[in-house]
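structure-v8.cif, holding mmCIF, C-alpha atoms:
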data_start
loop_
_atom_site.label_atom_id
_atom_site.label_comp_id
_atom_site.auth_asym_id
_atom_site.auth_seq_id
_atom_site.Cartn_x
_atom_site.Cartn_y
_atom_site.Cartn_z
CA MET F 1 14.92 -17.59 63.82
CA THR F 2 16.37 -20.33 61.62
CA THR F 3 19.31 -20.62 59.26
CA ASP F 4 17.12 -21.27 56.20
CA VAL F 5 16.34 -17.56 56.13
CA ALA F 6 19.21 -15.44 54.82
CA MET F 7 20.33 -12.78 57.26
CA ASN F 8 21.81 -10.51 54.60
CA SER F 9 20.33 -9.75 51.19
CA LYS F 10 23.64 -9.30 49.36
CA GLY F 11 27.16 -10.61 49.69
CA MET F 12 28.48 -13.81 51.17
CA GLN F 13 26.11 -16.08 53.09
CA LEU F 14 27.80 -17.61 56.13
CA CYS F 15 26.85 -20.85 57.87
CA PRO F 16 27.20 -20.82 61.68
CA GLY F 17 27.09 -24.61 61.71
CA ASP F 18 30.51 -24.74 60.05
CA LEU F 19 32.03 -23.00 63.06
CA LEU F 20 30.38 -25.38 65.52
CA ASN F 21 31.53 -28.40 63.52
CA ILE F 22 35.15 -27.43 64.17
CA SER F 23 34.60 -28.12 67.89
CA ASP F 24 32.18 -31.04 67.37
CA GLY F 25 29.35 -28.81 68.57
CA LYS F 26 30.96 -28.21 71.96
CA ILE F 27 30.90 -24.79 73.62
CA ASP F 28 33.49 -23.62 76.13
CA ARG F 29 31.12 -22.99 79.06
CA GLU F 30 33.93 -22.25 81.48
CA ALA F 31 35.17 -19.32 79.41
CA LEU F 32 31.66 -17.92 79.12
CA GLU F 33 30.85 -18.35 82.80
CA ALA F 34 33.89 -16.23 83.71
CA LEU F 35 32.09 -13.24 82.12
CA ALA F 36 29.18 -13.30 84.60
CA GLY F 37 28.73 -9.91 86.23
CA GLN F 38 31.65 -8.38 84.32
CA SER F 39 31.74 -5.01 82.61
CA ILE F 40 32.94 -5.16 79.01
CA LEU F 41 35.04 -2.06 78.42
CA ASN F 42 38.14 -2.93 76.45
CA PRO F 43 39.16 -5.76 74.08
CA ARG F 44 42.19 -6.37 76.33
CA GLN F 45 39.79 -8.14 78.70
CA PHE F 46 39.41 -10.99 76.22
CA ASP F 47 41.72 -13.76 75.18
CA ARG F 48 41.52 -16.00 72.14
CA ARG F 49 39.69 -18.70 74.08
CA THR F 50 36.94 -16.31 75.20
CA VAL F 51 36.51 -14.80 71.73
CA ILE F 52 35.99 -18.27 70.27
CA ALA F 53 33.58 -19.24 73.07
CA ILE F 54 31.43 -16.15 72.45
CA ALA F 55 31.45 -16.93 68.72
CA GLN F 56 30.41 -20.53 69.41
CA LEU F 57 27.46 -19.42 71.53
CA ALA F 58 26.51 -16.82 68.92
CA ALA F 59 26.49 -19.61 66.32
CA VAL F 60 24.07 -21.64 68.46
CA LEU F 61 21.83 -18.61 68.88
CA GLU F 62 21.88 -17.98 65.14
CA MET F 63 21.03 -21.59 64.30
CA ARG F 64 18.35 -22.33 66.84
CA ASN F 65 15.14 -20.70 67.98
CA VAL F 66 16.28 -20.09 71.55
CA GLU F 67 13.69 -17.36 72.09
CA ILE F 68 11.41 -20.05 73.54
CA ASP F 69 13.87 -20.44 76.44
CA LYS F 70 13.40 -16.73 77.35
CA PRO F 71 16.94 -16.50 78.76
CA LEU F 72 16.73 -12.78 79.60
CA ASP F 73 13.23 -12.86 81.05
CA GLY F 74 13.04 -10.45 84.00
CA LYS F 75 16.19 -8.55 83.01
CA ILE F 76 16.25 -4.88 81.95
CA ALA F 77 18.97 -3.44 79.73
CA ILE F 78 19.55 0.31 79.59
CA THR F 79 20.85 1.48 76.21
CA ALA F 80 22.31 4.93 76.84
CA PHE F 81 23.52 6.47 73.59
CA PHE F 82 24.99 9.94 73.99
CA GLU F 83 26.35 9.69 70.44
CA ALA F 84 24.49 8.88 67.22
CA SER F 85 24.06 5.21 66.37
CA THR F 86 21.90 3.03 64.15
CA ARG F 87 23.31 -0.52 63.98
CA THR F 88 24.87 -0.71 67.44
CA ARG F 89 21.89 0.58 69.42
CA LEU F 90 19.23 -1.29 67.45
CA SER F 91 21.16 -4.57 67.37
CA PHE F 92 21.66 -4.43 71.15
CA GLU F 93 17.97 -3.69 71.68
CA SER F 94 16.95 -6.43 69.26
CA ALA F 95 19.29 -8.85 71.05
CA VAL F 96 17.67 -8.15 74.42
CA GLN F 97 14.08 -8.21 73.26
CA ARG F 98 14.42 -11.35 71.16
CA LEU F 99 15.57 -13.14 74.33
CA ASP F 100 12.57 -11.77 76.24
CA GLY F 101 14.42 -9.08 78.14
CA LYS F 102 13.24 -5.49 78.33
CA VAL F 103 14.90 -2.29 77.20
CA LEU F 104 15.01 1.26 78.55
CA SER F 105 16.46 3.39 75.78
CA VAL F 106 18.23 6.74 75.77
CA PRO F 107 18.54 7.33 72.00
CA ASP F 108 19.93 10.84 72.41
CA GLY F 109 21.93 12.20 75.33
CA GLN F 110 20.29 15.59 74.98
CA VAL F 111 17.01 14.15 76.32
CA THR F 112 18.76 13.34 79.63
CA GLY F 113 19.87 15.50 82.53
CA VAL F 114 23.20 15.97 80.73
CA ALA F 115 21.49 18.79 78.84
CA LYS F 116 21.09 20.52 82.20
CA GLY F 117 24.63 19.83 83.33
CA GLU F 118 24.13 16.52 85.16
CA SER F 119 27.30 14.45 85.51
CA LEU F 120 27.71 10.93 84.15
CA ALA F 121 28.61 9.81 87.67
CA ASP F 122 25.20 10.91 88.94
CA ILE F 123 23.46 9.28 85.98
CA GLY F 124 25.30 6.06 86.82
CA GLU F 125 23.93 6.23 90.36
CA MET F 126 20.39 6.43 88.99
CA PHE F 127 20.98 3.55 86.57
CA ASN F 128 21.71 1.24 89.51
CA THR F 129 18.00 1.28 90.30
CA TYR F 130 16.63 1.28 86.77
CA GLY F 131 18.23 -1.76 85.10
CA ASP F 132 20.45 -4.82 85.28
CA VAL F 133 23.03 -3.89 82.63
CA VAL F 134 24.00 -0.59 80.99
CA ILE F 135 25.09 -0.36 77.35
CA MET F 136 26.60 3.06 76.68
CA ARG F 137 28.05 4.97 73.74
CA HIS F 138 29.62 8.37 74.37
CA PRO F 139 31.83 10.77 72.38
CA GLU F 140 34.20 11.29 75.33
CA THR F 141 36.98 8.72 75.68
CA ASN F 142 36.96 8.95 79.51
CA SER F 143 33.17 8.52 79.74
CA MET F 144 33.33 4.88 80.85
CA ASP F 145 35.49 5.75 83.83
CA GLU F 146 33.20 8.66 84.72
CA ILE F 147 29.95 6.70 84.80
CA ARG F 148 31.58 3.83 86.68
CA ARG F 149 32.37 6.10 89.61
CA ASN F 150 28.91 5.24 90.93
CA LEU F 151 27.52 2.59 88.58
CA GLN F 152 27.38 -0.84 90.18
CA ARG F 153 25.72 -2.69 87.30
CA PRO F 154 27.74 -4.30 84.49
CA LEU F 155 28.61 -1.74 81.83
CA ILE F 156 29.11 -2.61 78.16
CA ASN F 157 31.12 -0.15 76.12
CA ALA F 158 29.35 0.52 72.81
CA GLY F 159 32.00 3.03 71.71
CA ASN F 160 33.80 5.76 73.65
CA GLY F 161 35.35 8.54 71.61
CA SER F 162 38.62 7.32 70.09
CA GLY F 163 38.84 4.63 72.78
CA HIS F 164 37.38 1.20 72.09
CA HIS F 165 34.46 -0.71 70.60
CA PRO F 166 34.90 -4.24 72.00
CA THR F 167 31.57 -5.71 70.88
CA GLN F 168 32.20 -4.61 67.29
CA ALA F 169 35.51 -6.47 67.36
CA LEU F 170 33.71 -9.60 68.61
CA ILE F 171 31.26 -9.27 65.72
CA ASP F 172 34.13 -8.87 63.28
CA TRP F 173 35.82 -12.03 64.47
CA TYR F 174 32.54 -13.94 64.54
CA SER F 175 32.17 -13.27 60.83
CA LEU F 176 35.80 -14.26 60.17
CA LEU F 177 35.43 -17.51 62.12
CA LYS F 178 32.26 -18.41 60.22
CA TRP F 179 33.93 -17.54 56.92
CA ARG F 180 37.00 -19.65 57.68
CA PRO F 181 36.34 -21.90 60.72
CA GLU F 182 39.90 -23.27 60.69
CA LEU F 183 40.99 -19.94 62.19
CA ALA F 184 39.50 -21.21 65.47
CA VAL F 185 41.75 -24.28 65.50
CA GLU F 186 44.81 -24.16 67.75
CA ASN F 187 47.06 -25.30 64.92
CA CYS F 188 45.46 -23.63 61.94
CA PRO F 189 46.81 -25.17 58.71
CA GLU F 190 49.37 -22.93 57.04
CA ASP F 191 47.34 -22.61 53.84
CA ARG F 192 44.27 -21.42 55.77
CA ARG F 193 46.02 -18.67 57.72
CA VAL F 194 45.25 -15.14 56.63
CA HIS F 195 47.07 -11.98 55.71
CA LEU F 196 45.01 -9.15 57.21
CA GLY F 197 45.04 -5.69 55.70
CA ILE F 198 43.63 -2.80 57.70
CA ILE F 199 42.88 0.43 55.85
CA GLY F 200 42.58 3.19 58.42
CA THR F 201 44.15 4.66 61.51
CA PRO F 202 43.84 2.36 64.54
CA GLY F 203 45.02 5.07 66.92
CA SER F 204 42.00 7.24 66.17
CA MET F 205 39.45 4.70 64.90
CA ARG F 206 37.94 2.79 67.82
CA ALA F 207 36.44 -0.05 65.74
CA VAL F 208 39.71 -0.56 63.86
CA LYS F 209 41.70 -0.39 67.09
CA SER F 210 39.54 -3.03 68.76
CA PHE F 211 39.61 -5.31 65.70
CA LEU F 212 43.39 -5.11 65.54
CA ARG F 213 43.68 -5.79 69.29
CA LEU F 214 41.68 -9.02 68.96
CA SER F 215 43.52 -10.00 65.79
CA LEU F 216 46.83 -9.93 67.66
CA MET F 217 45.50 -12.76 69.87
CA PHE F 218 45.19 -15.14 66.90
CA THR F 219 48.90 -15.76 66.53
CA ASN F 220 48.43 -19.20 64.94
CA SER F 221 45.79 -18.02 62.48
CA VAL F 222 47.00 -14.62 61.26
CA LYS F 223 50.24 -14.89 59.30
CA ARG F 224 50.74 -11.17 58.66
CA ILE F 225 49.04 -7.81 59.28
CA THR F 226 49.51 -4.82 57.01
CA LEU F 227 48.33 -1.39 58.15
CA ILE F 228 47.49 0.93 55.25
CA SER F 229 47.26 4.55 56.32
CA GLU F 230 47.93 8.09 55.16
CA MET F 231 49.58 8.72 58.54
CA ALA F 232 53.21 7.85 59.20
CA ASP F 233 52.38 6.54 62.69
CA PRO F 234 48.78 5.24 62.62
CA VAL F 235 49.03 2.98 65.66
CA GLY F 236 48.65 5.12 68.79
CA LEU F 237 49.77 4.49 72.36
CA ASP F 238 47.17 1.81 73.18
CA LEU F 239 48.55 -0.54 70.55
CA THR F 240 52.28 0.17 70.61
CA GLU F 241 53.17 -2.37 73.28
CA PRO F 242 50.95 -5.26 72.08
CA ILE F 243 52.22 -4.77 68.50
CA GLU F 244 55.85 -4.80 69.67
CA GLU F 245 55.21 -7.97 71.68
CA SER F 246 53.27 -9.79 68.94
CA PRO F 247 54.95 -12.60 66.98
CA ILE F 248 52.76 -11.68 63.98
CA PRO F 249 54.74 -9.65 61.40
CA ILE F 250 53.20 -6.19 61.06
CA ASP F 251 53.89 -3.78 58.20
CA ILE F 252 52.84 -0.17 57.66
CA THR F 253 52.39 1.31 54.18
CA ASN F 254 50.49 4.10 52.45
CA ASP F 255 50.27 2.29 49.10
CA VAL F 256 47.00 0.37 49.03
CA GLN F 257 47.36 -0.66 45.37
CA GLU F 258 50.69 -2.39 45.96
CA VAL F 259 49.55 -4.54 48.86
CA LEU F 260 45.91 -5.21 47.91
CA PRO F 261 46.56 -8.27 45.68
CA HIS F 262 48.26 -10.04 48.62
CA LEU F 263 45.52 -9.58 51.23
CA ASP F 264 43.06 -12.31 52.24
CA VAL F 265 41.04 -9.93 54.41
CA VAL F 266 40.68 -6.20 53.85
CA TYR F 267 39.23 -4.34 56.84
CA VAL F 268 38.32 -0.75 56.01
CA ASN F 269 36.75 2.06 57.98
CA SER F 270 36.38 5.68 56.98
CA ILE F 271 35.77 7.64 60.14
CA ALA F 272 38.59 8.76 62.42
CA PHE F 273 38.03 10.66 65.66
CA LEU F 274 40.59 13.47 65.77
CA GLY F 275 40.45 15.78 68.75
CA ASP F 276 36.77 16.65 69.04
CA SER F 277 35.55 15.91 65.51
CA TYR F 278 35.38 13.16 62.88
CA ARG F 279 37.30 13.00 59.62
CA ASN F 280 37.00 10.67 56.62
CA LEU F 281 39.76 8.76 54.85
CA ASP F 282 41.64 10.21 51.92
CA GLY F 283 39.92 9.40 48.60
CA ARG F 284 42.88 7.36 47.28
CA TYR F 285 41.90 4.52 49.62
CA LYS F 286 38.53 3.90 47.95
CA LEU F 287 37.65 0.28 47.09
CA ASP F 288 35.46 -0.55 44.09
CA ARG F 289 35.13 -3.22 41.37
CA SER F 290 38.25 -1.94 39.64
CA SER F 291 40.39 -2.53 42.76
CA ASN F 292 42.96 -5.29 42.31
CA LEU F 293 41.58 -7.59 45.01
CA LYS F 294 42.96 -11.08 45.51
CA PRO F 295 40.56 -13.79 44.24
CA GLY F 296 38.65 -15.23 47.18
CA SER F 297 39.52 -12.33 49.47
CA VAL F 298 36.88 -10.63 51.59
CA ILE F 299 36.18 -7.04 52.55
CA MET F 300 35.05 -6.12 56.05
CA HIS F 301 33.62 -2.79 57.23
CA PRO F 302 31.96 -1.91 60.56
CA LEU F 303 29.59 0.49 58.75
CA ALA F 304 28.34 3.17 58.20
CA ARG F 305 30.27 3.60 54.98
CA ASN F 306 31.07 6.61 52.88
CA ASP F 307 32.92 6.89 49.58
CA GLU F 308 35.70 4.54 50.67
CA LEU F 309 33.58 1.44 49.88
CA SER F 310 31.66 1.51 46.61
CA GLU F 311 28.21 -0.05 46.34
CA ASP F 312 29.36 -1.79 43.16
CA LEU F 313 31.14 -4.31 45.41
CA ASP F 314 27.91 -5.30 47.16
CA GLU F 315 27.03 -8.01 44.64
CA THR F 316 30.54 -9.52 44.51
CA GLU F 317 32.20 -12.48 46.24
CA HIS F 318 34.27 -10.02 48.27
CA ASN F 319 31.33 -8.64 50.26
CA LEU F 320 31.65 -9.97 53.79
CA TYR F 321 30.52 -6.68 55.36
CA PHE F 322 26.77 -7.32 55.12
CA ALA F 323 27.14 -10.78 56.68
CA GLN F 324 29.40 -9.15 59.28
CA ALA F 325 26.61 -6.73 60.23
CA ALA F 326 24.01 -9.51 60.20
CA GLY F 327 25.87 -11.37 62.95
CA ALA F 328 25.71 -8.47 65.39
CA VAL F 329 22.49 -9.46 67.14
CA PHE F 330 23.72 -12.99 67.87
CA VAL F 331 27.09 -11.92 69.24
CA ARG F 332 25.45 -9.35 71.49
CA GLN F 333 22.90 -11.93 72.62
CA ALA F 334 25.73 -14.30 73.52
CA LEU F 335 27.61 -11.63 75.45
CA LEU F 336 24.55 -10.40 77.34
CA THR F 337 23.50 -13.93 78.26
CA ALA F 338 26.96 -14.58 79.70
CA VAL F 339 27.31 -11.23 81.48
CA LEU F 340 23.85 -11.56 83.02
CA ASP F 341 24.61 -15.15 84.10
CA ARG F 342 21.75 -16.73 82.17
CA LEU F 343 23.58 -19.48 80.29
CA ASP F 344 21.67 -22.16 82.19
CA ARG F 345 18.45 -20.93 80.60
CA ILE F 346 19.56 -21.89 77.10
CA SER F 347 18.75 -25.54 76.54
CA GLY F 348 21.24 -27.90 74.98
CA ILE F 349 24.51 -26.07 75.56
#
As structure tokens, what does this structure read like?
Amino acid sequence: MTTDVAMNSKGMQLCPGDLLNISDGKIDREALEALAGQSILNPRQFDRRTVIAIAQLAAVLEMRNVEIDKPLDGKIAITAFFEASTRTRLSFESAVQRLDGKVLSVPDGQVTGVAKGESLADIGEMFNTYGDVVIMRHPETNSMDEIRRNLQRPLINAGNGSGHHPTQALIDWYSLLKWRPELAVENCPEDRRVHLGIIGTPGSMRAVKSFLRLSLMFTNSVKRITLISEMADPVGLDLTEPIEESPIPIDITNDVQEVLPHLDVVYVNSIAFLGDSYRNLDGRYKLDRSSNLKPGSVIMHPLARNDELSEDLDETEHNLYFAQAAGAVFVRQALLTAVLDRLDRISGI
């Protein structure tokens, strides 16, 4: 795969080489090597250095045809999706197979022993024999703890109820770092720092929660964060302490029209997990061509979208969300290569 072929058909086209140029093409191997054998469950496991290192490796994978190195040859990934997924499951499976690994897929939890009452702990015991890494999505927030009671293989959280979605947050920041590579510099110039706006409810939206958690690590790159929500307290317990400790100014408002012209990045998601069901955002938070967006600002969305993000924005300069989705395979390749301790198989890094 080469960079002369556009990854996304509409929206902004991002160049991974711009991100690598910031570090003179160097990759932080030490940060990546520390991930070997680790489960990836929560964005708290990362720091700014590791996020940038994963993005750097993803940029190499996007630019070069590393499939010839076959870095995951002989490795088997189990994708166990007990909750519906399109992009996450397929991008993980594409990531593995493009690097010559193999995939055992559970596309629907009801085809497993769960339908007969089998526990996740027992399924984890079986997975020890079947594969080298387990990638799981589950509607229950405590599902990761349950399967890890017996699972001895690295586990990658692909979304757990209202909990976390750490690989989505890595994808989000990969797109931001390609869009504005100076965000990866220790002393980001003042005029290149960004005001992030997040439309949604981090406390009940796992992708939004994970994105915000990583964003708090970029204290020299993010100048302000504004949370835009219909809820008076949209944060939730997981984020209360890191927000209180962050030097980044953080505002909360319910008036999207007032703040929109000031935002460099608008991150929007529609689906909140409340109790045991999903609920969409209020219609007043919809973005379309008539929205008063700041010139040069970008819109991000983890997808799938509903009415909150109009298709009439797809052809505009603000569309970063398709490029965001297009980077998913490379970020997940980078993470899997590090977790499975196969960095040495990629030539030239």
- Item | From F:Ser291, F:Ser297, F:Asn160, F:Ser204, residue lying nearest Met231 of chain F [all atoms listed in the file] |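 Selected residue with least distance to Met231 of chain F: F:Ser204.
Proximity to Leu41 of chain F was assessed for F:Asp18, F:Glu315, F:Asp145, F:Glu140 counting all atoms listed in the file; the smallest distance is recorded for F:Asp145.
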- Residue with the minimum atom-to-atom distance to Ile349 of chain F, picked from F:Val106, F:Leu57, F:Leu35, F:Ala184 with only C-alpha atoms counted, is F:Leu57
- Message: Under the rule that all atoms listed in the file are counted, which of F:Arg153, F:Arg180, F:Arg137, F:Arg44 is the nearest residue to Leu214 of chain F?
- Response: F:Arg44
- Message: Taking 5 positions as the minimum chain separation for residues in the same chain, which residues sit within 10 Å of segment 242-259 of chain F when counting only C-alpha atoms? Answer as a count of residues only.
- Response: 39
- Query: Please, what distance in Å, to one decimal, runs between atom CA of Thr88 of chain F and atom CA of Gln324 of chain F?
  - Reply: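 Result for atom CA of Thr88 of chain F versus atom CA of Gln324 of chain F: 12.6 Å, one decimal.
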- Message: If we count only C-alpha atoms and set the cut-off at 10 Å, which residues sit around segment 128-131 of chain F, ignoring sequence neighbours fewer than 5 positions away in its own chain? Please answer as an NGL selection string.
- Response: :F and (75-79 or 102-104 or 123 or 150-154)
Write to file, as a short mmCIF file (atom, residue, chain, number, x, y, z; two decimals), keeping the file's coordinate frame, the residues of the selection just made, with C-alpha atoms.
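After the write, out.cif holds the following:
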data_model
loop_
_atom_site.label_atom_id
_atom_site.label_comp_id
_atom_site.auth_asym_id
_atom_site.auth_seq_id
_atom_site.Cartn_x
_atom_site.Cartn_y
_atom_site.Cartn_z
CA LYS F 75 16.19 -8.55 83.01
CA ILE F 76 16.25 -4.88 81.95
CA ALA F 77 18.97 -3.44 79.73
CA ILE F 78 19.55 0.31 79.59
CA THR F 79 20.85 1.48 76.21
CA LYS F 102 13.24 -5.49 78.33
CA VAL F 103 14.90 -2.29 77.20
CA LEU F 104 15.01 1.26 78.55
CA ILE F 123 23.46 9.28 85.98
CA ASN F 150 28.91 5.24 90.93
CA LEU F 151 27.52 2.59 88.58
CA GLN F 152 27.38 -0.84 90.18
CA ARG F 153 25.72 -2.69 87.30
CA PRO F 154 27.74 -4.30 84.49
#
- Query: Once the PyMOL selection byres ((chain F and resi 164) around 12) has been applied to the shown file, what residues remain in the selection, as a PyMOL selection string?
  - Reply: chain F and resi 40-45+136-144+156-163+165-170+202-214+238-239+273
Which protein, DNA or RNA residues have an atom at most 12 Å from (24.4, -14.2, 86.0), counting all atoms listed in the file? List them as a CSV table (one decimal) with C-alpha atoms, keeping the file's coordinate frame.
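File produced: out16.csv:
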chain,number,residue,atom,x,y,z
F,32,LEU,CA,31.7,-17.9,79.1
F,33,GLU,CA,30.8,-18.4,82.8
F,34,ALA,CA,33.9,-16.2,83.7
F,35,LEU,CA,32.1,-13.2,82.1
F,36,ALA,CA,29.2,-13.3,84.6
F,37,GLY,CA,28.7,-9.9,86.2
F,38,GLN,CA,31.6,-8.4,84.3
F,71,PRO,CA,16.9,-16.5,78.8
F,72,LEU,CA,16.7,-12.8,79.6
F,75,LYS,CA,16.2,-8.6,83.0
F,132,ASP,CA,20.4,-4.8,85.3
F,133,VAL,CA,23.0,-3.9,82.6
F,153,ARG,CA,25.7,-2.7,87.3
F,154,PRO,CA,27.7,-4.3,84.5
F,335,LEU,CA,27.6,-11.6,75.4
F,336,LEU,CA,24.6,-10.4,77.3
F,337,THR,CA,23.5,-13.9,78.3
F,338,ALA,CA,27.0,-14.6,79.7
F,339,VAL,CA,27.3,-11.2,81.5
F,340,LEU,CA,23.8,-11.6,83.0
F,341,ASP,CA,24.6,-15.2,84.1
F,342,ARG,CA,21.8,-16.7,82.2
F,343,LEU,CA,23.6,-19.5,80.3
F,344,ASP,CA,21.7,-22.2,82.2
F,345,ARG,CA,18.4,-20.9,80.6
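Here the PyMOL selection byres ((chain F and resi 99) around 9) matches the residues F:Val66, F:Glu67, F:Ile68, F:Asp69, F:Lys70, F:Pro71, F:Leu72, F:Asp73, F:Ser94, F:Ala95, F:Val96, F:Gln97, F:Arg98, F:Asp100, F:Gly101, F:Lys102, F:Gln333, F:Thr337.
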- Hey, can you check how far atom CA of Phe46 of chain F sits from atom CA of Leu176 of chain F? 16.8 Å
- Message: Need the shell around Ala334 of chain F: protein/DNA/RNA residues with any atom at most 8 Å away, counting all atoms listed in the file. Skip same-chain ones fewer than 6 positions apart. Format as a ChimeraX atom specification?
- Response: /F:54-55,57-58,61
- Query: Counting all atoms listed in the file, what is within 12 Å of Thr316 of chain F, bar same-chain residues fewer than 2 positions away, as a PyMOL selection string?
  - Reply: chain F and resi 10-13+288-290+293+295-299+310-314+318-322
- Item | Å distance separating atom CA of Asp122 of chain F from atom CA of Ile147 of chain F, one decimal place |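 Result for atom CA of Asp122 of chain F versus atom CA of Ile147 of chain F: 7.6 Å, one decimal.
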